[in-house]
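I have placed the structure first, in the form of structure tokens, so that the comments after it can refer back to it.
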Amino acid sequence: EAILALLAAGRPRDAADVLDALPRTTRDRGRFRLLAARVLLASGDAPAAREIFDEGFEVDDLREGEEALGDTWYAIAEQLVAGGGPVTGDVRERAR
């Protein structure tokens with residue numbers, strides 16, 4: 001929850017520090033791999049966030065209707081398509 005709160009507050013570096021302080025076995029779990037991708041994306045490193053998805057992970061405790069996985073995937077795609085520029089409606093359409 002602290003990581004999500006820090007991301008919502010626009011503090012990705014602090015979120016990364018909290019994530020890095022967790023035991024490796026915890027960080028390797030799917031939920032935390034997803035959080036790592038979100039931290040990287042918030043830090044402006046969409047290619048590294050995409051690498052986490054490319055490596056593959058499974059979020060065992062993903063609740064029905066939870067959109068975090070898809071939202072993160074599309075946010076990464078939008079940033080990659082935008083190539084450092086603004087995410088416009090056209091960029092969103094091409095990313096999807």
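Chain labels follow the order of the structure tokens: the first chain is A, the next B, and so on; residue numbering restarts at 1 in every chain, and ligands are counted from 1 in their shown order.
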Would you kindly return, as a PyMOL selection string, each protein, DNA or RNA residue with an atom no farther than 9 Å from any atom of Arg38 of chain A, considering only C-alpha atoms and excluding same-chain residues fewer than 6 positions away? chain A and resi 7+12+49+72+76
All helix (DSSP H, G or I) positions in chain A, as an MDAnalysis selection string: chainID A and resid 2:8 12:21 24:27 30:42 46:55 68:82 89:95
If you count only C-alpha atoms, which residues fall within 9 Å of Ala75 of chain A, apart from same-chain ones fewer than 6 positions away, as a VMD selection string? chain A and resid 41 46 92 95
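Using only C-alpha atoms, the protein and nucleic acid residues lying no more than 12 Å from segment 52-65 of chain A, apart from those fewer than 4 places from it along its own chain, are Arg27, Asp28, Arg29, Gly30, Arg31, Phe32, Arg33, Leu34, Leu35, Ala36, Ala37, Arg38, Val39, Leu40, Leu41, Asp45, Ala46, Pro47, Ala48, Leu69, Gly70, Asp71, Thr72, Trp73, Tyr74, Ile76 and Ala77 of chain A.
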Go ahead and dump the residues you just picked, N, CA and C atoms, as an mmCIF file, in the first residue's frame.
data_model
loop_
_atom_site.group_PDB
_atom_site.id
_atom_site.type_symbol
_atom_site.label_atom_id
_atom_site.label_comp_id
_atom_site.auth_asym_id
_atom_site.auth_seq_id
_atom_site.Cartn_x
_atom_site.Cartn_y
_atom_site.Cartn_z
ATOM 1 N N ARG A 27 9.771 -9.531 -3.559
ATOM 2 C CA ARG A 27 9.839 -8.776 -4.816
ATOM 3 C C ARG A 27 9.659 -9.663 -6.045
ATOM 4 N N ASP A 28 9.930 -10.939 -5.911
ATOM 5 C CA ASP A 28 9.792 -11.861 -7.044
ATOM 6 C C ASP A 28 8.347 -12.308 -7.266
ATOM 7 N N ARG A 29 7.470 -12.043 -6.302
ATOM 8 C CA ARG A 29 6.059 -12.415 -6.459
ATOM 9 C C ARG A 29 5.408 -11.520 -7.501
ATOM 10 N N GLY A 30 4.419 -12.066 -8.183
ATOM 11 C CA GLY A 30 3.766 -11.371 -9.294
ATOM 12 C C GLY A 30 3.234 -9.998 -8.965
ATOM 13 N N ARG A 31 2.579 -9.857 -7.825
ATOM 14 C CA ARG A 31 2.017 -8.559 -7.434
ATOM 15 C C ARG A 31 3.132 -7.510 -7.353
ATOM 16 N N PHE A 32 4.292 -7.902 -6.843
ATOM 17 C CA PHE A 32 5.385 -6.963 -6.677
ATOM 18 C C PHE A 32 6.143 -6.737 -7.987
ATOM 19 N N ARG A 33 6.103 -7.706 -8.889
ATOM 20 C CA ARG A 33 6.661 -7.486 -10.241
ATOM 21 C C ARG A 33 5.818 -6.436 -10.955
ATOM 22 N N LEU A 34 4.505 -6.516 -10.787
ATOM 23 C CA LEU A 34 3.611 -5.518 -11.367
ATOM 24 C C LEU A 34 3.899 -4.140 -10.757
ATOM 25 N N LEU A 35 4.080 -4.088 -9.451
ATOM 26 C CA LEU A 35 4.418 -2.815 -8.802
ATOM 27 C C LEU A 35 5.750 -2.276 -9.309
ATOM 28 N N ALA A 36 6.718 -3.160 -9.523
ATOM 29 C CA ALA A 36 8.011 -2.724 -10.051
ATOM 30 C C ALA A 36 7.838 -2.096 -11.435
ATOM 31 N N ALA A 37 7.008 -2.695 -12.259
ATOM 32 C CA ALA A 37 6.745 -2.126 -13.582
ATOM 33 C C ALA A 37 6.093 -0.755 -13.454
ATOM 34 N N ARG A 38 5.184 -0.619 -12.524
ATOM 35 C CA ARG A 38 4.504 0.669 -12.319
ATOM 36 C C ARG A 38 5.480 1.727 -11.819
ATOM 37 N N VAL A 39 6.401 1.329 -10.939
ATOM 38 C CA VAL A 39 7.414 2.266 -10.440
ATOM 39 C C VAL A 39 8.323 2.709 -11.588
ATOM 40 N N LEU A 40 8.760 1.780 -12.396
ATOM 41 C CA LEU A 40 9.610 2.124 -13.538
ATOM 42 C C LEU A 40 8.881 3.044 -14.507
ATOM 43 N N LEU A 41 7.635 2.757 -14.767
ATOM 44 C CA LEU A 41 6.842 3.599 -15.661
ATOM 45 C C LEU A 41 6.720 5.011 -15.092
ATOM 46 N N ASP A 45 10.751 5.191 -17.245
ATOM 47 C CA ASP A 45 11.492 4.129 -17.917
ATOM 48 C C ASP A 45 10.533 3.051 -18.445
ATOM 49 N N ALA A 46 9.758 3.437 -19.454
ATOM 50 C CA ALA A 46 8.795 2.503 -20.051
ATOM 51 C C ALA A 46 9.463 1.260 -20.636
ATOM 52 N N PRO A 47 10.639 1.378 -21.283
ATOM 53 C CA PRO A 47 11.268 0.156 -21.800
ATOM 54 C C PRO A 47 11.591 -0.867 -20.701
ATOM 55 N N ALA A 48 12.065 -0.415 -19.548
ATOM 56 C CA ALA A 48 12.362 -1.343 -18.448
ATOM 57 C C ALA A 48 11.075 -1.940 -17.885
ATOM 58 N N LEU A 69 -3.430 -4.624 -13.952
ATOM 59 C CA LEU A 69 -2.578 -5.296 -14.928
ATOM 60 C C LEU A 69 -2.771 -4.695 -16.320
ATOM 61 N N GLY A 70 -4.002 -4.627 -16.773
ATOM 62 C CA GLY A 70 -4.287 -4.067 -18.097
ATOM 63 C C GLY A 70 -3.967 -2.586 -18.178
ATOM 64 N N ASP A 71 -4.284 -1.841 -17.129
ATOM 65 C CA ASP A 71 -3.992 -0.407 -17.125
ATOM 66 C C ASP A 71 -2.497 -0.154 -17.240
ATOM 67 N N THR A 72 -1.707 -0.947 -16.522
ATOM 68 C CA THR A 72 -0.254 -0.784 -16.574
ATOM 69 C C THR A 72 0.276 -1.154 -17.952
ATOM 70 N N TRP A 73 -0.214 -2.261 -18.496
ATOM 71 C CA TRP A 73 0.206 -2.685 -19.835
ATOM 72 C C TRP A 73 -0.057 -1.585 -20.860
ATOM 73 N N TYR A 74 -1.247 -1.022 -20.861
ATOM 74 C CA TYR A 74 -1.582 0.014 -21.839
ATOM 75 C C TYR A 74 -0.829 1.307 -21.583
ATOM 76 N N ILE A 76 2.198 1.514 -20.412
ATOM 77 C CA ILE A 76 3.535 1.255 -20.953
ATOM 78 C C ILE A 76 3.503 1.397 -22.470
ATOM 79 N N ALA A 77 2.530 0.772 -23.107
ATOM 80 C CA ALA A 77 2.418 0.832 -24.569
ATOM 81 C C ALA A 77 2.269 2.278 -25.039
#
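The two atoms in question, atom CA of Arg24 of chain A and atom CA of Leu6 of chain A, are spaced 20.4 Å apart.
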